[in-house]
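What follows is the content of run-v5.txt (compact mmCIF, C-alpha atoms and all ligand atoms).
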# COMPACT_ATOMS: atom_id res chain seq x y z
CA MET M 1 0.00 0.00 0.00
CA ASP M 2 1.49 3.38 -0.89
CA ALA M 3 1.00 6.78 0.70
CA ALA M 4 -1.80 7.70 -1.69
CA ASP M 5 -3.85 4.69 -0.55
CA LEU M 6 -3.27 5.53 3.08
CA ALA M 7 -4.11 9.21 2.82
CA PRO M 8 -7.94 9.03 2.76
CA SER M 9 -8.17 6.86 5.87
CA VAL M 10 -5.65 9.00 7.74
CA TRP M 11 -7.60 12.14 6.81
CA MET M 12 -10.88 10.45 7.68
CA LYS M 13 -9.50 9.39 11.06
CA GLN M 14 -8.24 12.90 11.84
CA GLY M 15 -11.54 14.41 10.68
CA LEU M 16 -13.63 12.06 12.80
CA LEU M 17 -11.46 12.75 15.86
CA VAL M 18 -11.97 16.49 15.37
CA LEU M 19 -15.73 15.88 14.98
CA SER M 20 -15.74 13.76 18.16
CA ARG M 21 -15.22 17.00 20.09
CA ASN M 22 -17.88 18.98 18.15
CA HIS M 23 -20.61 19.95 20.60
CA GLN M 24 -23.18 21.09 17.99
CA LEU M 25 -23.05 17.82 16.08
CA ARG M 26 -23.11 15.90 19.34
CA ASP M 27 -26.27 17.69 20.46
CA VAL M 28 -28.01 17.06 17.14
CA LEU M 29 -27.06 13.38 16.86
CA GLU M 30 -27.63 12.39 20.49
CA LYS M 31 -31.10 13.93 20.44
CA ALA M 32 -32.04 12.64 17.00
CA PRO M 33 -34.75 10.00 17.03
CA VAL M 34 -32.26 7.36 16.01
CA SER M 35 -33.18 3.79 16.78
CA ARG M 36 -31.21 2.41 19.72
CA SER M 37 -30.02 -0.44 17.56
CA VAL M 38 -27.74 1.99 15.69
CA VAL M 39 -25.54 2.29 18.75
CA ARG M 40 -26.45 -1.00 20.41
CA ARG M 41 -23.50 -2.92 19.05
CA PHE M 42 -21.09 -0.72 20.99
CA VAL M 43 -23.20 0.65 23.85
CA ALA M 44 -25.10 -1.46 26.41
CA GLY M 45 -28.11 0.88 26.51
CA ASP M 46 -29.31 4.02 28.26
CA SER M 47 -30.13 2.65 31.69
CA THR M 48 -28.40 1.15 34.71
CA GLU M 49 -30.54 -1.98 34.28
CA GLN M 50 -29.31 -2.49 30.72
CA ALA M 51 -25.68 -2.10 31.81
CA VAL M 52 -26.18 -4.65 34.58
CA GLU M 53 -27.89 -7.01 32.13
CA VAL M 54 -24.98 -6.88 29.68
CA ALA M 55 -22.51 -7.44 32.53
CA ARG M 56 -24.56 -10.45 33.60
CA GLU M 57 -24.57 -11.87 30.06
CA LEU M 58 -20.79 -11.44 29.81
CA ASP M 59 -20.35 -13.07 33.20
CA GLY M 60 -22.32 -16.04 31.89
CA THR M 61 -19.74 -16.52 29.15
CA GLY M 62 -16.71 -16.26 31.44
CA ARG M 63 -15.95 -12.60 30.75
CA TRP M 64 -15.79 -9.79 33.30
CA ALA M 65 -16.88 -6.23 32.58
CA THR M 66 -15.64 -2.76 33.38
CA ILE M 67 -18.56 -0.38 33.04
CA ASP M 68 -18.34 3.22 31.87
CA PHE M 69 -21.19 5.70 32.38
CA LEU M 70 -20.84 7.70 29.17
CA GLY M 71 -20.01 11.40 29.40
CA GLU M 72 -16.90 13.56 29.13
CA ASP M 73 -15.66 17.16 29.10
CA THR M 74 -18.23 18.24 31.68
CA VAL M 75 -18.55 22.02 31.99
CA ASP M 76 -21.33 21.99 34.58
CA PRO M 77 -20.72 21.07 38.25
CA ALA M 78 -24.26 19.66 38.51
CA GLN M 79 -23.49 17.28 35.63
CA ALA M 80 -20.36 16.08 37.45
CA THR M 81 -22.46 15.35 40.54
CA TYR M 82 -25.03 13.57 38.38
CA THR M 83 -22.28 11.36 36.92
CA ARG M 84 -20.94 10.54 40.39
CA ASP M 85 -24.44 9.56 41.54
CA ALA M 86 -24.97 7.44 38.43
CA TYR M 87 -21.86 5.42 39.35
CA VAL M 88 -23.03 5.03 42.94
CA THR M 89 -26.40 3.73 41.71
CA LEU M 90 -24.68 1.44 39.22
CA LEU M 91 -22.33 -0.06 41.83
CA SER M 92 -25.25 -0.76 44.17
CA ALA M 93 -27.20 -2.42 41.36
CA LEU M 94 -24.18 -4.53 40.37
CA SER M 95 -23.72 -5.58 43.98
CA GLU M 96 -27.39 -6.52 44.32
CA ALA M 97 -27.02 -8.61 41.17
CA GLY M 98 -24.09 -10.41 42.83
CA LEU M 99 -21.62 -9.28 40.17
CA THR M 100 -19.06 -7.26 42.12
CA GLU M 101 -17.53 -9.64 44.65
CA GLY M 102 -13.81 -10.14 44.07
CA GLY M 103 -13.67 -7.40 41.45
CA GLY M 104 -15.72 -9.45 38.97
CA VAL M 105 -17.38 -6.39 37.48
CA GLU M 106 -15.72 -3.04 38.07
CA VAL M 107 -16.18 0.52 36.77
CA SER M 108 -14.14 2.83 34.54
CA LEU M 109 -14.23 6.58 35.18
CA LYS M 110 -13.43 9.55 32.97
CA LEU M 111 -12.23 12.30 35.27
CA SER M 112 -13.38 14.97 32.80
CA ALA M 113 -16.93 13.69 33.35
CA LEU M 114 -16.43 14.11 37.10
CA GLY M 115 -15.40 17.76 36.85
CA GLN M 116 -11.65 17.75 36.07
CA ALA M 117 -12.05 20.63 33.58
CA LEU M 118 -14.14 22.85 35.85
CA GLY M 119 -11.63 25.68 36.18
CA ALA M 120 -9.21 26.10 39.07
CA ASP M 121 -11.20 23.80 41.37
CA GLY M 122 -11.76 21.16 38.71
CA GLU M 123 -9.09 18.75 39.86
CA GLN M 124 -10.30 18.87 43.44
CA ILE M 125 -13.94 18.37 42.36
CA ALA M 126 -12.99 15.37 40.21
CA LEU M 127 -10.91 13.93 43.05
CA GLU M 128 -13.76 14.24 45.55
CA ASN M 129 -16.26 12.70 43.14
CA ALA M 130 -13.84 9.86 42.37
CA ARG M 131 -13.31 9.34 46.11
CA ALA M 132 -17.05 8.92 46.65
CA ILE M 133 -17.18 6.30 43.88
CA CYS M 134 -14.08 4.45 45.17
CA GLN M 135 -15.59 4.26 48.65
CA VAL M 136 -18.75 2.62 47.30
CA ALA M 137 -16.66 0.30 45.11
CA ALA M 138 -14.69 -0.73 48.22
CA ASN M 139 -17.94 -1.35 50.10
CA VAL M 140 -19.23 -3.71 47.41
CA GLY M 141 -15.89 -5.48 46.94
CA THR M 142 -14.79 -4.26 43.54
CA THR M 143 -12.32 -1.92 41.85
CA VAL M 144 -12.19 1.28 39.80
CA THR M 145 -10.01 2.17 36.80
CA LEU M 146 -9.36 5.76 35.71
CA ASP M 147 -9.64 6.13 31.94
CA MET M 148 -6.97 8.30 30.30
CA GLU M 149 -8.10 11.19 28.12
CA ASP M 150 -6.07 13.60 25.97
CA HIS M 151 -2.46 14.43 26.87
CA THR M 152 -3.32 17.76 28.51
CA THR M 153 -4.92 15.74 31.33
CA THR M 154 -2.27 13.03 31.81
CA ASP M 155 -0.35 14.66 34.68
CA SER M 156 -3.55 15.67 36.44
CA THR M 157 -5.02 12.17 36.08
CA LEU M 158 -1.86 10.48 37.36
CA GLY M 159 -1.82 12.96 40.26
CA ILE M 160 -5.41 12.05 41.17
CA LEU M 161 -4.50 8.38 40.81
CA ARG M 162 -1.71 8.80 43.38
CA GLU M 163 -4.13 10.49 45.80
CA LEU M 164 -6.76 7.80 45.41
CA ARG M 165 -4.23 4.98 45.77
CA GLN M 166 -3.31 6.20 49.23
CA ASP M 167 -6.71 4.99 50.42
CA TRP M 168 -7.52 2.41 47.74
CA PRO M 169 -4.29 0.93 46.33
CA TRP M 170 -6.27 -1.11 43.81
CA VAL M 171 -7.37 1.92 41.74
CA GLY M 172 -6.27 1.22 38.15
CA ALA M 173 -4.72 3.57 35.61
CA VAL M 174 -4.68 3.68 31.81
CA LEU M 175 -1.51 4.44 29.84
CA GLN M 176 -1.44 5.14 26.11
CA SER M 177 1.42 3.82 23.98
CA TYR M 178 1.10 6.65 21.43
CA LEU M 179 2.55 9.13 23.96
CA TYR M 180 6.36 9.43 24.07
CA ARG M 181 6.24 9.65 27.86
CA THR M 182 4.48 6.33 28.41
CA GLU M 183 7.50 4.03 28.68
CA GLN M 184 8.64 6.04 31.68
CA ASP M 185 5.10 6.06 33.13
CA CYS M 186 5.06 2.26 32.77
CA ARG M 187 8.33 2.02 34.72
CA ASP M 188 6.87 4.22 37.44
CA LEU M 189 3.68 2.17 37.67
CA ALA M 190 5.01 -1.39 37.30
CA HIS M 191 5.12 -1.94 41.04
CA GLU M 192 3.33 -4.46 43.21
CA GLY M 193 -0.43 -4.01 43.46
CA SER M 194 -0.49 -1.54 40.56
CA ARG M 195 -3.19 -2.22 37.98
CA VAL M 196 -2.28 -0.68 34.62
CA ARG M 197 -4.40 -0.87 31.48
CA LEU M 198 -2.19 -0.40 28.43
CA CYS M 199 -3.91 0.84 25.27
CA LYS M 200 -2.71 2.54 22.07
CA GLY M 201 -4.60 5.78 22.73
CA THR M 202 -7.60 7.20 20.93
CA TYR M 203 -7.38 11.01 20.94
CA LYS M 204 -6.01 13.35 18.27
CA GLU M 205 -2.59 14.25 19.62
CA PRO M 206 0.14 16.53 18.21
CA GLU M 207 3.53 15.35 16.99
CA SER M 208 5.17 17.15 19.91
CA VAL M 209 3.82 14.56 22.37
CA ALA M 210 2.74 11.48 20.42
CA TYR M 211 3.85 9.06 17.71
CA GLN M 212 1.82 9.68 14.56
CA ASP M 213 2.84 6.57 12.70
CA LYS M 214 0.79 3.45 13.48
CA SER M 215 3.83 1.17 13.42
CA GLU M 216 5.64 3.43 15.92
CA VAL M 217 2.59 3.30 18.21
CA ASP M 218 2.60 -0.52 17.95
CA LYS M 219 6.34 -0.74 18.66
CA SER M 220 5.91 1.52 21.67
CA TYR M 221 3.05 -0.72 22.84
CA VAL M 222 5.39 -3.73 22.81
CA ARG M 223 8.13 -1.85 24.68
CA CYS M 224 5.61 -0.73 27.31
CA LEU M 225 4.11 -4.21 27.60
CA LYS M 226 7.58 -5.68 28.16
CA ILE M 227 8.06 -3.30 31.10
CA LEU M 228 4.66 -4.08 32.60
CA MET M 229 4.90 -7.85 32.14
CA ALA M 230 8.41 -7.91 33.66
CA GLY M 231 7.26 -5.75 36.58
CA ASP M 232 5.39 -6.65 39.75
CA GLY M 233 2.06 -5.03 38.89
CA TYR M 234 -1.09 -6.32 37.22
CA PRO M 235 -1.06 -5.56 33.46
CA MET M 236 -4.36 -5.15 31.63
CA VAL M 237 -3.74 -5.66 27.92
CA ALA M 238 -6.34 -3.48 26.19
CA SER M 239 -6.14 -4.12 22.46
CA HIS M 240 -7.99 -5.91 19.66
CA ASP M 241 -4.79 -6.18 17.68
CA PRO M 242 -4.13 -9.90 17.03
CA ARG M 243 -0.36 -9.38 16.95
CA LEU M 244 -0.33 -7.57 20.28
CA VAL M 245 -2.62 -10.15 21.89
CA GLU M 246 -0.23 -12.87 20.77
CA ILE M 247 2.83 -10.94 21.97
CA ALA M 248 1.14 -10.41 25.35
CA GLY M 249 0.73 -14.17 25.73
CA VAL M 250 4.38 -14.79 24.83
CA LEU M 251 5.61 -12.10 27.25
CA ALA M 252 3.40 -13.40 30.05
CA ALA M 253 4.83 -16.90 29.57
CA SER M 254 8.44 -15.74 29.33
CA ASN M 255 8.00 -13.76 32.56
CA GLY M 256 6.50 -16.79 34.28
CA ARG M 257 3.18 -15.06 34.82
CA ALA M 258 0.18 -17.17 35.84
CA ALA M 259 -3.10 -16.57 34.00
CA ASP M 260 -4.51 -14.76 37.04
CA SER M 261 -1.68 -12.20 37.14
CA PHE M 262 -2.82 -10.19 34.11
CA GLU M 263 -5.89 -9.81 31.91
CA TYR M 264 -6.94 -9.03 28.34
CA GLN M 265 -9.43 -6.24 27.75
CA MET M 266 -11.53 -5.42 24.70
CA LEU M 267 -14.43 -3.11 23.93
CA LEU M 268 -18.06 -4.22 23.81
CA GLY M 269 -18.98 -5.26 20.28
CA ILE M 270 -15.41 -5.52 19.00
CA ARG M 271 -13.96 -8.98 18.26
CA PRO M 272 -16.44 -10.82 20.53
CA ASP M 273 -15.35 -14.18 19.07
CA GLU M 274 -11.77 -13.46 20.07
CA GLN M 275 -12.93 -12.45 23.55
CA ARG M 276 -14.73 -15.79 23.91
CA ARG M 277 -11.77 -17.72 22.47
CA LEU M 278 -9.37 -16.23 25.01
CA ALA M 279 -11.80 -16.87 27.89
CA ALA M 280 -12.31 -20.47 26.75
CA GLN M 281 -8.59 -21.13 26.83
CA GLY M 282 -8.44 -20.00 30.47
CA GLU M 283 -7.35 -16.39 30.06
CA GLN M 284 -8.90 -13.59 32.11
CA VAL M 285 -10.90 -11.34 29.80
CA ARG M 286 -12.65 -8.09 30.66
CA VAL M 287 -14.99 -6.21 28.33
CA TYR M 288 -15.35 -2.43 28.48
CA VAL M 289 -19.08 -1.75 28.57
CA PRO M 290 -20.25 1.83 28.03
CA TYR M 291 -23.85 2.85 28.74
CA GLY M 292 -25.87 6.06 28.95
CA ASP M 293 -27.22 8.50 26.41
CA GLU M 294 -24.01 10.52 25.89
CA TRP M 295 -22.62 8.09 23.36
CA TYR M 296 -21.50 10.56 20.70
CA GLY M 297 -17.79 11.11 21.56
CA TYR M 298 -17.26 7.43 22.35
CA LEU M 299 -18.84 6.25 19.12
CA MET M 300 -17.03 8.79 16.95
CA ARG M 301 -13.69 7.52 18.29
CA ARG M 302 -14.68 3.94 17.41
CA MET M 303 -15.57 5.15 13.88
CA ALA M 304 -12.17 6.85 13.57
CA GLU M 305 -10.42 3.60 14.49
CA ARG M 306 -12.08 1.49 11.84
CA PRO M 307 -13.81 2.56 8.64
CA SER M 308 -15.99 -0.57 8.66
CA ASN M 309 -17.49 0.67 11.96
CA LEU M 310 -18.33 3.93 10.17
CA ARG M 311 -19.97 2.05 7.27
CA PHE M 312 -21.99 -0.01 9.78
CA PHE M 313 -23.09 3.16 11.58
CA LEU M 314 -24.06 5.05 8.41
CA ARG M 315 -25.92 2.05 6.98
CA ALA M 316 -27.84 1.63 10.23
CA LEU M 317 -28.66 5.35 10.32
CA ALA M 318 -29.85 5.26 6.71
CA THR M 319 -32.16 2.34 7.46
CA LYS M 320 -32.98 3.68 10.95
CA GLY M 321 -31.21 0.48 12.04
C1 LIG Z 401 -10.74 -1.97 27.40
C2 LIG Z 401 -10.29 -0.76 26.67
C3 LIG Z 401 -10.21 0.44 27.34
C4 LIG Z 401 -9.73 1.58 26.67
N1 LIG Z 401 -9.56 2.75 27.38
C5 LIG Z 401 -8.97 3.80 26.76
C6 LIG Z 401 -8.62 4.98 27.48
O1 LIG Z 401 -8.83 5.10 28.68
N2 LIG Z 401 -8.02 5.99 26.80
C7 LIG Z 401 -7.74 5.91 25.46
O2 LIG Z 401 -7.16 6.84 24.90
N3 LIG Z 401 -8.10 4.81 24.74
C8 LIG Z 401 -8.69 3.76 25.35
N4 LIG Z 401 -9.01 2.64 24.63
C9 LIG Z 401 -8.96 2.69 23.13
C10 LIG Z 401 -7.60 2.34 22.61
O3 LIG Z 401 -6.68 3.36 22.91
C11 LIG Z 401 -7.63 2.16 21.08
O4 LIG Z 401 -8.02 3.36 20.48
C12 LIG Z 401 -8.56 1.06 20.61
O5 LIG Z 401 -8.52 -0.04 21.47
C13 LIG Z 401 -8.13 0.58 19.22
O6 LIG Z 401 -6.80 0.11 19.26
P1 LIG Z 401 -6.41 -1.43 19.08
O7 LIG Z 401 -5.28 -1.70 20.04
O8 LIG Z 401 -7.57 -2.27 19.26
O9 LIG Z 401 -5.77 -1.51 17.68
P2 LIG Z 401 -6.16 -0.95 16.23
O10 LIG Z 401 -4.90 -0.39 15.70
O11 LIG Z 401 -7.39 -0.11 16.23
O12 LIG Z 401 -6.52 -2.27 15.49
C14 LIG Z 401 -5.48 -3.23 15.29
C15 LIG Z 401 -6.05 -4.48 14.68
O13 LIG Z 401 -7.03 -5.04 15.56
C16 LIG Z 401 -8.01 -5.68 14.77
N5 LIG Z 401 -9.32 -5.04 14.97
C17 LIG Z 401 -9.55 -3.83 15.49
N6 LIG Z 401 -10.88 -3.57 15.49
C18 LIG Z 401 -11.49 -4.64 14.98
C19 LIG Z 401 -12.84 -4.99 14.69
N7 LIG Z 401 -13.85 -4.15 14.95
N8 LIG Z 401 -13.08 -6.20 14.15
C20 LIG Z 401 -12.07 -7.04 13.86
N9 LIG Z 401 -10.77 -6.75 14.09
C21 LIG Z 401 -10.48 -5.58 14.63
C22 LIG Z 401 -7.58 -5.56 13.33
O14 LIG Z 401 -6.78 -6.64 13.00
C23 LIG Z 401 -6.74 -4.29 13.37
O15 LIG Z 401 -5.83 -4.19 12.32
C24 LIG Z 401 -9.42 1.49 25.28
C25 LIG Z 401 -9.51 0.28 24.62
C26 LIG Z 401 -9.92 -0.84 25.29
C27 LIG Z 401 -9.97 -2.13 24.55
Output the file's structure as structure tokens, nothing else.
Ligand SMILES: Cc1cc2nc3c(=O)[nH]c(=O)nc-3n(C[C@H](O)[C@H](O)[C@H](O)COP(=O)(O)OP(=O)(O)OC[C@H]3O[C@@H](n4cnc5c(N)ncnc54)[C@H](O)[C@@H]3O)c2cc1C
Amino acid sequence: MDAADLAPSVWMKQGLLVLSRNHQLRDVLEKAPVSRSVVRRFVAGDSTEQAVEVARELDGTGRWATIDFLGEDTVDPAQATYTRDAYVTLLSALSEAGLTEGGGVEVSLKLSALGQALGADGEQIALENARAICQVAANVGTTVTLDMEDHTTTDSTLGILRELRQDWPWVGAVLQSYLYRTEQDCRDLAHEGSRVRLCKGTYKEPESVAYQDKSEVDKSYVRCLKILMAGDGYPMVASHDPRLVEIAGVLAASNGRAADSFEYQMLLGIRPDEQRRLAAQGEQVRVYVPYGDEWYGYLMRRMAERPSNLRFFLRALATKG
């Protein structure tokens, strides 16, 4: 494939990532009377009950879930409180369904949805909201992982992680292999008890901070994974990439890791057969399950990653799916 073949998909990816942050389009699309089935492949539904139901179904097939209440870039303190309360309700419902014991089903948080961007006090607001969620997670016997957003938030998110880990050392972090800094962050976080989800990264980032070339991002992923697998922490291998999944298995074996000392993670609706295959061969597999009506940014990033997802989405919209 030459550069001319690559160009359209690169431009499309960049364009979709820019659109993923477009508030006008978000408002129009999220409120449009689009059939739920358009987003259903990637999103569990609007309600807590639907999220719990999907987690239960996954549990029945030997897969755990980490559940994300959709929302990001909150500019309203009341919305941040609403998001915190949604997580508290969700954790209680998961506990009542018997799904949380031993960290079976956990939750993933976006700090920007909990208030991180709310001016000078934003970090403190996000920290307090995250604290409230971690306390409930501790009460019901499960864990919390902090999603990682664009690079302007990385230091703040890792700072909040450190604060939370003083009380709840099991709080997980996400690191993104497209950032130049991530190898060092992996070294810093590869210690005992540290849960680190390694992904490639999904935001539009400048050349000053991130690899732009896919093969460089992949190579960085392998370097980071080597550090995490050789370390004393608990790596969470978040990728659908068959090569990286295979490399993770090889690295786990060469570091003498037991199957319960790391896990594979994939997104709801992406490579479900592979998720089931890994679980059937005794690997720990966790599926990231988003729910809620603020699906726009999440779905646009999935479209940017894979043109066939975009075709699926447009076809479903055209037929009111
Ligand atoms: C559990 C989880 C949590 C995440 N959390 C974050 C986060 O906090 N912050 C963040 O920035 N990003 C996050 N991401 C997204 C991540 O950064 C990537 O954008 C996303 O996972 C796509 O990268 P990939 O590793 O799957 O590889 P890609 O480069 O997208 O795909 C590599 C290969 O995987 C296969 N593949 C991918 N999609 C499909 C498909 N639909 N069907 C069949 N094969 C497919 C193909 O062979 C493809 O060539 C998360 C991802 C996961 C899985």
Quick one: residues within 9 Å of ligand LIG 401 (chain Z), with only C-alpha atoms and all ligand atoms, as a PyMOL selection string? chain M and resi 66+108-110+145-150+173-178+197-203+214+217-218+221+236-244+264-272+274+286-289+301-302+304-306+308-309
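Closest approach to Gly62 of chain M among M:Glu283, M:Glu96, M:Asp293, M:Glu49: M:Glu283, based on all atoms listed in the file.
Minimum distance to Gln116 of chain M across M:Ala280, M:Ala86, M:Ala65, M:Val75 (counting all atoms listed in the file) occurs at M:Val75.
Going from atom CA of Thr182 of chain M to atom CA of Gly104 of chain M covers 27.7 Å.
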Local residues around (-26.3, 0.0, 25.7), at most 12 Å away, using all atoms listed in the file, as number ranges by chain: M: 35-55, 67-70, 268-269, 288-295, 299
re atom CA of Thr81 of chain M and atom CA of Gly141 of chain M: distance 22.8 Å
Using all atoms listed in the file for the distances, tell me which of M:Leu25, M:Val196, M:Val209, M:Val18 is nearest to Leu225 of chain M.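 With all atoms listed in the file as the atom set, the closest residue is M:Val196.
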For Gly71 of chain M, which of M:Leu114, M:Leu314, M:Ala126, M:Met300 is the closest residue, counting all atoms listed in the file?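 With all atoms listed in the file as the atom set, the closest residue is M:Leu114.
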Would you mind telling me which residue in M:Thr83, M:Thr142, M:Gln281, M:Gln212 lies nearest to Asn129 of chain M when using all atoms listed in the file? M:Thr83
